[in-house]
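Novice: Hey, dropping protein36.txt in here, compact mmCIF, C-alpha atoms and all ligand atoms:
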# COMPACT_ATOMS: atom_id res chain seq x y z
CA MET K 1 6.78 5.96 -3.99
CA SER K 2 4.21 8.52 -2.98
CA PHE K 3 1.54 9.56 -5.42
CA ILE K 4 0.24 13.14 -5.56
CA ASN K 5 -3.06 13.31 -7.35
CA PHE K 6 -3.80 17.00 -7.89
CA ALA K 7 -6.98 16.09 -9.73
CA ARG K 8 -8.46 14.13 -6.82
CA LYS K 9 -6.69 16.21 -4.17
CA GLU K 10 -5.16 13.06 -2.75
CA ILE K 11 -1.70 11.99 -1.73
CA ALA K 12 -1.10 8.28 -1.24
CA PHE K 13 1.60 6.66 0.87
CA LYS K 14 2.25 2.98 1.29
CA ILE K 15 3.43 1.52 4.60
CA VAL K 16 4.45 -2.13 4.73
CA TYR K 17 4.63 -4.11 7.98
CA TYR K 18 7.41 -6.62 7.39
CA GLY K 19 8.84 -9.40 9.55
CA PRO K 20 8.96 -13.15 10.19
CA ALA K 21 5.86 -15.34 10.40
CA LEU K 22 3.75 -14.84 13.54
CA CYS K 23 5.71 -11.83 14.82
CA GLY K 24 2.51 -9.74 15.09
CA LYS K 25 2.11 -7.82 11.81
CA THR K 26 -1.57 -8.62 11.32
CA THR K 27 -2.17 -7.89 15.00
CA ASN K 28 -0.79 -4.36 14.54
CA LEU K 29 -3.29 -3.66 11.76
CA GLU K 30 -6.16 -5.26 13.65
CA GLN K 31 -5.45 -3.15 16.72
CA ILE K 32 -5.24 0.03 14.67
CA HIS K 33 -8.48 -0.85 12.93
CA ALA K 34 -10.23 -1.48 16.25
CA ALA K 35 -8.91 1.52 18.18
CA ILE K 36 -8.44 4.39 15.73
CA VAL K 37 -10.98 7.19 15.45
CA PRO K 38 -13.43 5.89 12.85
CA GLU K 39 -13.15 8.89 10.53
CA SER K 40 -9.48 8.03 9.92
CA ARG K 41 -9.97 4.55 8.60
CA GLY K 42 -11.54 2.44 5.92
CA GLU K 43 -12.27 -1.25 6.12
CA MET K 44 -9.64 -3.88 6.77
CA THR K 45 -9.11 -6.72 4.35
CA VAL K 46 -7.58 -9.81 5.95
CA LEU K 47 -6.58 -12.68 3.71
CA SER K 48 -5.62 -15.41 6.12
CA THR K 49 -5.66 -19.16 5.96
CA GLN K 50 -7.49 -21.26 8.51
CA ALA K 51 -4.24 -21.66 10.39
CA ASP K 52 -4.48 -17.92 10.89
CA ARG K 53 -1.37 -17.20 8.91
CA THR K 54 -1.31 -14.58 6.22
CA LEU K 55 -1.52 -16.24 2.84
CA PHE K 56 -1.39 -13.15 0.74
CA PHE K 57 -1.47 -9.81 2.52
CA ASP K 58 -3.62 -7.72 4.82
CA PHE K 59 -4.68 -4.22 3.91
CA LEU K 60 -5.98 -1.29 5.92
CA PRO K 61 -6.49 2.16 4.36
CA LEU K 62 -6.12 5.16 6.68
CA LYS K 63 -6.51 8.83 5.94
CA SER K 64 -5.39 12.10 7.45
CA GLU K 65 -5.86 15.82 6.77
CA ILE K 66 -2.27 16.63 7.65
CA ILE K 67 -1.53 18.31 4.31
CA LYS K 68 -3.77 21.31 3.68
CA GLY K 69 -6.45 20.85 1.07
CA PHE K 70 -5.52 17.22 0.46
CA THR K 71 -6.59 13.86 1.77
CA SER K 72 -3.42 12.02 2.71
CA LYS K 73 -3.98 8.30 2.40
CA PHE K 74 -1.74 5.97 4.31
CA GLN K 75 -2.24 2.47 2.93
CA LEU K 76 -1.10 -0.16 5.42
CA TYR K 77 -0.05 -3.59 4.18
CA THR K 78 1.35 -6.69 5.86
CA VAL K 79 3.42 -9.34 4.10
CA PRO K 80 3.24 -13.10 4.69
CA GLY K 81 6.33 -13.95 6.72
CA GLN K 82 6.87 -17.55 5.67
CA THR K 83 9.96 -18.04 3.52
CA ILE K 84 8.00 -19.56 0.61
CA TYR K 85 5.95 -16.41 0.04
CA ARG K 86 8.87 -14.36 -1.22
CA GLU K 87 7.12 -13.45 -4.47
CA THR K 88 4.17 -12.05 -2.55
CA ARG K 89 6.47 -9.98 -0.38
CA LYS K 90 8.13 -8.51 -3.46
CA LEU K 91 4.72 -7.67 -4.85
CA VAL K 92 3.60 -5.92 -1.69
CA LEU K 93 6.84 -3.93 -1.54
CA ARG K 94 6.18 -2.30 -4.92
CA ASN K 95 6.17 1.49 -4.62
CA VAL K 96 6.61 1.30 -0.84
CA ASP K 97 7.11 4.58 1.06
CA GLY K 98 8.01 3.24 4.49
CA VAL K 99 8.61 -0.06 6.26
CA VAL K 100 7.85 -1.07 9.84
CA PHE K 101 10.01 -4.08 10.57
CA VAL K 102 8.25 -6.06 13.28
CA ALA K 103 10.69 -8.28 15.16
CA ASP K 104 9.59 -11.07 17.50
CA SER K 105 11.39 -10.50 20.80
CA GLN K 106 11.55 -14.15 21.85
CA TRP K 107 15.10 -15.51 22.00
CA GLU K 108 14.34 -18.44 19.72
CA LYS K 109 13.13 -16.04 17.00
CA MET K 110 16.33 -14.04 16.68
CA GLU K 111 17.58 -16.01 13.71
CA GLU K 112 14.23 -15.66 11.92
CA ASN K 113 14.28 -11.92 12.59
CA ALA K 114 17.73 -11.56 11.06
CA GLU K 115 16.77 -13.69 8.06
CA SER K 116 13.62 -11.70 7.46
CA PHE K 117 15.49 -8.41 7.73
CA GLN K 118 18.02 -9.60 5.15
CA ASP K 119 15.12 -10.75 2.94
CA LEU K 120 13.69 -7.22 3.17
CA ILE K 121 17.00 -5.68 2.12
CA ASP K 122 17.31 -8.11 -0.81
CA ASN K 123 13.74 -7.66 -2.02
CA LEU K 124 14.06 -3.88 -1.93
CA ALA K 125 17.38 -4.08 -3.75
CA GLU K 126 15.69 -6.11 -6.50
CA GLN K 127 13.50 -3.09 -7.22
CA SER K 128 16.56 -0.85 -7.04
CA VAL K 129 15.64 0.57 -3.66
CA SER K 130 18.27 0.79 -0.96
CA ILE K 131 16.95 0.27 2.53
CA ASP K 132 19.16 3.14 3.66
CA LYS K 133 17.29 5.49 1.35
CA ILE K 134 13.73 4.85 2.53
CA PRO K 135 12.09 5.55 5.90
CA TYR K 136 11.98 2.44 8.07
CA MET K 137 11.87 1.63 11.75
CA LEU K 138 11.98 -1.37 14.07
CA GLN K 139 9.24 -2.59 16.37
CA PHE K 140 10.30 -5.08 19.07
CA ASN K 141 7.08 -6.97 19.69
CA LYS K 142 5.84 -9.45 22.31
CA ARG K 143 7.59 -7.67 25.18
CA ASP K 144 5.04 -9.26 27.55
CA LEU K 145 6.55 -12.73 27.18
CA SER K 146 9.13 -14.00 29.67
CA ASN K 147 11.67 -15.44 27.22
CA VAL K 148 12.52 -12.22 25.45
CA ALA K 149 15.88 -10.77 24.47
CA PRO K 150 16.74 -7.36 25.92
CA ALA K 151 15.88 -4.45 23.64
CA HIS K 152 19.53 -3.35 23.46
CA TYR K 153 20.49 -6.83 22.23
CA MET K 154 17.85 -6.67 19.47
CA ASP K 155 19.04 -3.19 18.62
CA PHE K 156 22.55 -4.59 18.32
CA MET K 157 21.27 -7.39 16.05
CA LEU K 158 19.04 -5.35 13.74
CA ASN K 159 19.98 -1.70 14.01
CA GLN K 160 23.60 -1.67 12.92
CA ARG K 161 23.40 0.14 9.64
CA GLU K 162 25.01 3.50 8.99
CA THR K 163 21.98 5.48 10.08
CA ARG K 164 20.37 4.11 13.20
CA VAL K 165 16.59 4.07 12.96
CA PRO K 166 13.84 4.59 15.56
CA THR K 167 12.78 1.58 17.60
CA MET K 168 9.61 0.92 19.59
CA GLU K 169 8.91 -1.82 22.11
CA SER K 170 5.42 -3.21 21.85
CA VAL K 171 2.81 -5.67 22.99
CA ALA K 172 0.74 -5.55 19.84
CA CYS K 173 -2.06 -7.79 21.10
CA ASN K 174 -2.69 -5.27 23.92
CA CYS K 175 -2.25 -2.28 21.60
CA LEU K 176 0.86 -1.14 23.47
CA GLY K 177 3.31 0.65 21.20
CA VAL K 178 1.08 0.14 18.17
CA PHE K 179 -0.09 3.74 17.65
CA GLU K 180 3.32 5.05 18.65
CA THR K 181 4.87 2.91 15.90
CA LEU K 182 2.29 4.03 13.33
CA ASN K 183 2.77 7.70 14.14
CA ILE K 184 6.57 7.55 14.09
CA MET K 185 6.40 5.82 10.73
CA ALA K 186 3.86 8.28 9.30
CA LYS K 187 6.00 11.21 10.44
CA MET K 188 9.15 9.75 8.93
CA ILE K 189 7.34 9.33 5.63
CA LEU K 190 5.95 12.87 5.80
CA ALA K 191 9.37 14.30 6.58
CA ALA K 192 10.85 12.52 3.55
CA PHE K 193 7.93 13.71 1.42
CA MET K 194 8.33 17.33 2.54
CA LYS K 195 12.01 17.26 1.79
CA GLU K 196 11.36 15.87 -1.68
CA ASN K 197 8.77 18.58 -2.36
CA ASN K 198 10.76 21.42 -0.86
CA MET K 199 8.02 22.04 1.67
CA ALA K 200 8.75 24.24 4.63
CA MET K 201 10.23 22.06 7.32
CA ALA K 202 7.68 22.99 9.93
CA ASP K 203 7.58 20.42 12.69
CA VAL K 204 5.18 17.61 12.03
CA PRO K 205 2.70 17.94 14.87
CA ASP K 206 2.89 15.41 17.65
CA ASP K 207 0.14 12.97 18.14
CA VAL K 208 -1.78 13.46 21.34
CA CYS K 209 -1.63 9.81 22.27
CA LEU K 210 2.15 9.55 22.21
CA MET T 1 7.30 10.35 -6.88
CA GLN T 2 4.35 10.24 -9.21
CA LYS T 3 2.20 13.27 -9.89
CA LEU T 4 -1.06 13.69 -11.72
CA THR T 5 -2.12 17.18 -12.80
CA PRO T 6 -5.78 18.30 -12.75
CA GLN T 7 -5.78 18.71 -16.54
CA LEU T 8 -4.53 15.19 -17.13
CA GLY T 9 -6.88 13.86 -14.46
CA LYS T 10 -9.82 15.39 -16.29
CA LYS T 11 -8.87 13.73 -19.55
CA ILE T 12 -8.47 10.38 -17.81
CA ASP T 13 -11.88 10.82 -16.18
CA GLU T 14 -13.43 11.32 -19.61
CA ILE T 15 -11.88 8.10 -20.89
CA LEU T 16 -13.16 6.18 -17.88
CA LEU T 17 -16.63 7.67 -18.12
CA ASN T 18 -16.75 6.67 -21.76
CA LEU T 19 -15.73 3.13 -20.81
CA VAL T 20 -18.36 2.84 -18.07
CA VAL T 21 -21.15 4.05 -20.31
CA ARG T 22 -20.31 2.15 -23.48
CA ALA T 23 -19.35 -1.10 -21.77
CA LYS T 24 -22.46 -0.81 -19.53
CA ALA T 25 -20.21 -1.35 -16.52
CA GLU T 26 -20.95 -0.72 -12.86
CA ALA T 27 -17.54 0.61 -11.93
CA VAL T 28 -14.17 1.37 -13.44
CA LEU T 29 -10.93 1.94 -11.54
CA LEU T 30 -7.55 2.95 -12.88
CA CYS T 31 -4.77 1.82 -10.52
CA ASP T 32 -1.02 2.17 -10.56
CA ARG T 33 1.33 -0.75 -10.00
CA GLY T 34 1.38 -0.09 -6.27
CA GLY T 35 -2.40 -0.47 -5.98
CA ASN T 36 -3.25 3.24 -5.70
CA ILE T 37 -6.35 4.58 -7.41
CA VAL T 38 -5.40 7.08 -10.08
CA ALA T 39 -8.94 7.74 -11.25
CA GLN T 40 -12.30 6.08 -10.93
CA ASN T 41 -15.89 6.10 -12.01
CA THR T 42 -17.93 4.09 -9.55
CA THR T 43 -21.41 3.94 -8.16
CA GLU T 44 -22.31 4.13 -4.47
CA ARG T 45 -22.27 0.36 -4.20
CA TYR T 46 -18.46 0.19 -4.38
CA HIS T 47 -17.41 2.35 -1.48
CA GLN T 48 -14.46 0.13 -0.54
CA GLU T 49 -12.62 1.13 -3.68
CA ASP T 50 -9.22 1.36 -1.97
CA ASN T 51 -9.51 -2.27 -0.93
CA ILE T 52 -10.69 -3.33 -4.38
CA ALA T 53 -7.76 -1.51 -6.01
CA ALA T 54 -5.19 -3.01 -3.62
CA LEU T 55 -6.50 -6.53 -4.09
CA ALA T 56 -6.95 -6.18 -7.84
CA ALA T 57 -3.39 -4.93 -8.32
CA GLY T 58 -2.06 -7.64 -5.98
CA SER T 59 -3.91 -10.48 -7.66
CA PHE T 60 -3.21 -9.20 -11.15
CA TYR T 61 0.52 -8.84 -10.71
CA ALA T 62 0.65 -12.16 -8.85
CA THR T 63 -0.14 -13.88 -12.16
CA ARG T 64 3.15 -12.73 -13.68
CA GLU T 65 4.97 -15.77 -12.37
CA LEU T 66 2.21 -18.03 -13.67
CA ALA T 67 2.47 -16.34 -17.06
CA ARG T 68 6.21 -16.89 -17.09
CA LEU T 69 5.78 -20.60 -16.41
CA ILE T 70 3.76 -21.02 -19.58
CA GLY T 71 6.10 -18.84 -21.59
CA GLU T 72 4.23 -15.53 -21.56
CA PRO T 73 5.75 -12.25 -20.36
CA VAL T 74 2.44 -11.13 -18.87
CA PHE T 75 -1.30 -11.77 -19.10
CA ARG T 76 -2.90 -8.70 -20.62
CA TYR T 77 -6.45 -9.48 -19.50
CA ILE T 78 -7.90 -11.39 -16.61
CA PHE T 79 -11.57 -12.16 -16.13
CA HIS T 80 -13.19 -13.23 -12.90
CA ARG T 81 -16.59 -14.51 -13.80
CA GLY T 82 -19.18 -14.17 -11.04
CA GLU T 83 -22.79 -15.30 -10.72
CA LYS T 84 -24.19 -11.77 -10.97
CA THR T 85 -21.16 -9.51 -11.03
CA SER T 86 -17.87 -10.03 -12.82
CA LEU T 87 -14.48 -8.41 -12.82
CA TYR T 88 -12.22 -7.60 -15.74
CA MET T 89 -8.64 -6.41 -15.42
CA GLN T 90 -6.41 -5.20 -18.22
CA THR T 91 -2.85 -3.96 -18.10
CA THR T 92 -1.57 -1.10 -20.21
CA SER T 93 1.86 -0.29 -21.55
CA ILE T 94 1.98 2.62 -19.10
CA ASP T 95 2.14 0.17 -16.18
CA MET T 96 -1.37 0.93 -15.01
CA LEU T 97 -4.24 -1.40 -14.51
CA VAL T 98 -7.80 -0.88 -15.69
CA VAL T 99 -10.34 -2.66 -13.49
CA VAL T 100 -13.94 -2.99 -14.67
CA VAL T 101 -16.81 -4.30 -12.56
CA PHE T 102 -19.84 -5.32 -14.60
CA GLY T 103 -23.13 -7.09 -14.09
CA LYS T 104 -25.80 -8.83 -16.14
CA ASP T 105 -26.34 -5.74 -18.32
CA SER T 106 -23.00 -6.32 -19.95
CA ASN T 107 -20.79 -9.18 -21.13
CA PRO T 108 -17.06 -9.98 -21.41
CA GLY T 109 -16.94 -9.26 -25.13
CA LEU T 110 -18.36 -5.79 -24.73
CA VAL T 111 -16.11 -5.01 -21.79
CA LYS T 112 -13.02 -6.21 -23.61
CA LEU T 113 -13.92 -4.21 -26.73
CA TYR T 114 -14.21 -0.93 -24.86
CA GLY T 115 -11.48 -1.88 -22.40
CA ASP T 116 -9.07 -2.15 -25.34
CA GLU T 117 -10.25 1.21 -26.62
CA ALA T 118 -9.84 2.88 -23.24
CA CYS T 119 -6.35 1.42 -22.76
CA ALA T 120 -5.29 2.66 -26.19
CA ALA T 121 -6.65 6.12 -25.36
CA LEU T 122 -4.83 6.15 -22.01
CA GLU T 123 -1.58 5.08 -23.63
CA GLU T 124 -1.90 7.81 -26.24
CA LEU T 125 -2.71 10.42 -23.62
CA CYS T 126 0.35 9.47 -21.61
CA ALA T 127 2.57 9.49 -24.68
CA GLN T 128 1.33 13.01 -25.52
CA ASN T 129 1.88 14.12 -21.97
CA ALA T 130 5.39 12.68 -21.91
CA ALA T 131 6.21 14.57 -25.10
CA SER T 132 4.92 17.90 -23.77
CA PRO T 133 4.28 17.64 -20.04
CA GLU T 134 1.65 19.90 -18.56
CA GLU T 135 2.92 22.34 -16.02
CA HIS T 136 1.31 22.42 -12.65
CA SER T 137 2.60 24.08 -9.55
CA GLU T 138 0.81 24.08 -6.28
CA THR T 139 2.26 24.75 -2.88
CA LEU T 140 1.85 21.95 -0.42
CA GLU T 141 1.51 22.99 3.16
CA LEU T 142 1.33 21.11 6.40
CA ASP T 143 -1.71 21.74 8.58
CA SER T 144 -0.21 22.13 12.00
CA THR T 145 -3.62 22.15 13.67
CA LYS T 146 -4.15 18.54 12.66
CA THR T 147 -2.79 15.56 14.55
CA MET T 148 -1.68 12.33 13.03
CA PHE T 149 -3.47 9.13 13.99
CA ARG T 150 -5.43 9.17 17.23
CA ARG T 151 -7.17 6.55 19.30
CA LYS T 152 -10.90 6.69 19.89
N1 LIG P 1 2.15 -12.63 23.75
C1 LIG P 1 1.99 -11.88 22.66
N2 LIG P 1 1.40 -12.38 21.57
C2 LIG P 1 1.25 -11.60 20.48
C3 LIG P 1 1.70 -10.25 20.47
N3 LIG P 1 1.42 -9.73 19.27
C4 LIG P 1 0.80 -10.69 18.55
N4 LIG P 1 0.70 -11.83 19.27
C5 LIG P 1 0.12 -13.11 18.88
O1 LIG P 1 1.01 -13.75 17.97
C6 LIG P 1 0.28 -14.52 17.03
C7 LIG P 1 0.67 -14.15 15.62
O2 LIG P 1 0.29 -12.82 15.37
P1 LIG P 1 -0.03 -12.28 13.90
O3 LIG P 1 -0.35 -10.84 14.02
O4 LIG P 1 -1.03 -13.16 13.24
O5 LIG P 1 1.39 -12.49 13.20
P2 LIG P 1 1.83 -12.22 11.69
O6 LIG P 1 2.12 -13.54 11.10
O7 LIG P 1 3.08 -11.41 11.82
O8 LIG P 1 0.74 -11.48 11.00
C8 LIG P 1 -1.20 -14.28 17.33
O9 LIG P 1 -1.68 -15.34 18.12
C9 LIG P 1 -1.17 -12.98 18.13
O10 LIG P 1 -2.25 -12.88 19.02
C10 LIG P 1 2.34 -9.74 21.65
O11 LIG P 1 2.78 -8.60 21.72
N5 LIG P 1 2.46 -10.59 22.70
MG MG P 2 -0.31 -12.02 9.31
Kindly return the structure encoded in the file as structure tokens.
Specialist:
Amino acid sequence: MSFINFARKEIAFKIVYYGPALCGKTTNLEQIHAAIVPESRGEMTVLSTQADRTLFFDFLPLKSEIIKGFTSKFQLYTVPGQTIYRETRKLVLRNVDGVVFVADSQWEKMEENAESFQDLIDNLAEQSVSIDKIPYMLQFNKRDLSNVAPAHYMDFMLNQRETRVPTMESVACNCLGVFETLNIMAKMILAAFMKENNMAMADVPDDVCL
Amino acid sequence: MQKLTPQLGKKIDEILLNLVVRAKAEAVLLCDRGGNIVAQNTTERYHQEDNIAALAAGSFYATRELARLIGEPVFRYIFHRGEKTSLYMQTTSIDMLVVVVFGKDSNPGLVKLYGDEACAALEELCAQNAASPEEHSETLELDSTKTMFRRK
């Protein structure tokens, strides 16, 4: 749920990177943090265990001047993918504006992807949010590995709801597809926001790096 | 969608300023349940306020389950006692979180006293506003000269 603060001239949006354990969610945020123009970002908070798995969540605040006279904050979060951290995932999903579902492209991860996607639907439903009503997209990550399922197969597995959503293939650890994903997501959120606020449906400008 | 008008924002700022001064605190943040900063009164030292708000909201609401296990609906206050600097968090009935950072100049009793007062004032303000909402209209416009997120 976006927050317009007319007093502080700020609009805040929350983007959650969701998906099974080790699919590359933290890597997406790390790559954005490392490669984005510095004026667009704050500091990244990574709460990881020694095993390098997210215990709680990661957080990266970004900002943009895309709405005149306002600072638009895009707050990026990751969730811990492991099944036992369901409560944490529900917590992070509070007031979410858009979800990037990161799927691990390796064949042996297909079941985990499907489980995690269902978990997302259920956790949103618990806060009375239908996944079909919020902006979300799919990122097929780890395309560099040899044992990966074809993109059209993953699309068939995960993108079968009434409205088909954008997908992006990625190699997050090499920053391939990472900014494209972020910008598609940000634009989907902006489009939903503009519609809700009856703003003129001018085209959201394209990012130069797309 | 949540909206905060400039008039209401000003009144909230006054309440927070009052809390900072009287509780001799270093920083005060008001966050919503999603971890967004609604208003703040902080010194230069706390420039990562977005991160503080996100973590404070996350860790505060994470105690709900713990509260439930000992038969409480929610913990109203949480203290994190540090060597030099401490953190106090208090929930309000308006589903917002007051976060106070304080040092050796202050103490938990003082912070709680004025924290309670500030929360009561915020609750009253929101009740008043709900009864007779302030009008505010402002046209939002996209800046087509700006790009979204770019690489270095
Ligand atoms: N081969 C390959 N490895 C990746 C890719 N993206 C992330 N990884 C690695 O996968 C592991 C788990 O990534 P991480 O971002 O921590 O996963 P998370 O649990 O979803 O946050 C790390 O060792 C990453 O370096 C990718 O596109 N290809
Ligand atoms: Mg992680």
Novice: At a cut-off of 7 Å, list the chain K residues touching chain T, using only C-alpha atoms, as a PyMOL selection string.
Specialist: chain K and resi 1-7+35-37+45+61+64-68+91+94-95+183+199+205-209
Novice: Can you pull out the residues contacting Arg164 in chain K? Cut-off 9 Å, using only C-alpha atoms, and skip same-chain residues under 4 positions away; I want them as number ranges by chain.
Specialist: K: 137, 159-160
Novice: For the selection just defined, write its residues with C-alpha atoms to a file, as a CSV table (one decimal), in the frame of the given file.
Specialist:
chain,number,residue,atom,x,y,z
K,137,MET,CA,11.9,1.6,11.8
K,159,ASN,CA,20.0,-1.7,14.0
K,160,GLN,CA,23.6,-1.7,12.9
Novice: Using Å and a single decimal, report how far CA of Val74 in chain T sits from CA of Lys24 in chain T.
Specialist: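 CA of Val74 in chain T lies 27.0 Å from CA of Lys24 in chain T.
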Novice: Counting all atoms listed in the file, what are the residues, protein, DNA or RNA alike, that approach ligand MG 2 (chain P) to within 10 Å? I want them as a ChimeraX atom specification.
Specialist: /K:17-30,46-49,52-58,77-82
Novice: With distances taken over only C-alpha atoms and all ligand atoms, which residue among K:Met44, K:Met154, K:Ile184, K:Leu176 lies nearest ligand LIG 1 (chain P)?
Specialist: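 Using only C-alpha atoms and all ligand atoms, the shortest distance to ligand LIG 1 (chain P) belongs to K:Leu176.
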Novice: Quick one: everything within 12 Å of Ser93 in chain T, counting all atoms listed in the file, minus sequence neighbours fewer than 4 positions away in the same chain. Send it as a list of chain:residue names.
Specialist: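 Returned residues: T:Asp32, T:Arg33, T:Val74, T:Arg76, T:Leu97, T:Val98, T:Asp116, T:Cys119, T:Ala120, T:Ala121, T:Leu122, T:Glu123, T:Glu124, T:Leu125, T:Cys126, T:Ala127.
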Novice: Could you tell me how far CA of Tyr88 in chain T sits from CA of Lys11 in chain T, in Å to one decimal place?
Specialist: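 Going from CA of Lys11 in chain T over to CA of Tyr88 in chain T covers 21.9 Å.
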Novice: How many Å separate atom O2 of ligand LIG 1 (chain P) from CA of Val148 in chain K?
Specialist: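 That distance, rounded to one decimal, is 15.9 Å.
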Novice: What would range 103-110 of chain K look like with all heavy atoms restored, written as a CSV table (one decimal), keeping the file's coordinate frame?
Specialist:
chain,number,residue,atom,x,y,z
K,103,ALA,N,9.8,-7.2,14.7
K,103,ALA,CA,10.7,-8.3,15.2
K,103,ALA,C,10.0,-9.0,16.3
K,103,ALA,O,9.4,-8.3,17.2
K,103,ALA,CB,12.1,-7.8,15.6
K,104,ASP,N,10.1,-10.3,16.4
K,104,ASP,CA,9.6,-11.1,17.5
K,104,ASP,C,10.7,-11.1,18.6
K,104,ASP,O,11.8,-11.6,18.3
K,104,ASP,CB,9.3,-12.5,17.0
K,104,ASP,CG,8.4,-13.3,18.0
K,104,ASP,OD1,8.7,-13.2,19.2
K,104,ASP,OD2,7.5,-14.0,17.5
K,105,SER,N,10.4,-10.7,19.8
K,105,SER,CA,11.4,-10.5,20.8
K,105,SER,C,11.9,-11.8,21.5
K,105,SER,O,12.8,-11.8,22.2
K,105,SER,CB,10.9,-9.6,21.9
K,105,SER,OG,10.6,-8.3,21.4
K,106,GLN,N,11.2,-12.9,21.2
K,106,GLN,CA,11.6,-14.2,21.8
K,106,GLN,C,12.9,-14.6,21.4
K,106,GLN,O,13.2,-14.6,20.2
K,106,GLN,CB,10.5,-15.2,21.5
K,106,GLN,CG,9.1,-14.9,22.1
K,106,GLN,CD,8.1,-15.9,21.6
K,106,GLN,OE1,7.9,-16.9,22.3
K,106,GLN,NE2,7.5,-15.6,20.5
K,107,TRP,N,13.7,-15.1,22.3
K,107,TRP,CA,15.1,-15.5,22.0
K,107,TRP,C,15.2,-16.4,20.8
K,107,TRP,O,16.0,-16.3,19.9
K,107,TRP,CB,15.7,-16.2,23.2
K,107,TRP,CG,16.4,-15.3,24.2
K,107,TRP,CD1,16.0,-15.1,25.5
K,107,TRP,CD2,17.5,-14.5,24.0
K,107,TRP,NE1,16.8,-14.2,26.1
K,107,TRP,CE2,17.7,-13.8,25.2
K,107,TRP,CE3,18.4,-14.2,22.9
K,107,TRP,CZ2,18.8,-12.9,25.4
K,107,TRP,CZ3,19.4,-13.3,23.1
K,107,TRP,CH2,19.6,-12.6,24.3
K,108,GLU,N,14.2,-17.4,20.8
K,108,GLU,CA,14.3,-18.4,19.7
K,108,GLU,C,14.0,-17.9,18.3
K,108,GLU,O,14.1,-18.6,17.3
K,108,GLU,CB,13.5,-19.7,20.1
K,108,GLU,CG,12.0,-19.4,20.1
K,108,GLU,CD,11.5,-19.2,21.5
K,108,GLU,OE1,12.2,-18.6,22.3
K,108,GLU,OE2,10.3,-19.5,21.8
K,109,LYS,N,13.5,-16.6,18.3
K,109,LYS,CA,13.1,-16.0,17.0
K,109,LYS,C,14.2,-15.1,16.4
K,109,LYS,O,14.0,-14.6,15.3
K,109,LYS,CB,11.8,-15.2,17.2
K,109,LYS,CG,10.7,-16.0,17.6
K,109,LYS,CD,10.1,-16.9,16.5
K,109,LYS,CE,8.9,-17.6,17.0
K,109,LYS,NZ,8.2,-18.4,16.0
K,110,MET,N,15.3,-15.0,17.1
K,110,MET,CA,16.3,-14.0,16.7
K,110,MET,C,16.9,-14.3,15.3
K,110,MET,O,17.1,-13.4,14.5
K,110,MET,CB,17.5,-14.0,17.7
K,110,MET,CG,17.2,-13.3,19.0
K,110,MET,SD,16.5,-11.6,18.7
K,110,MET,CE,15.1,-11.7,19.8
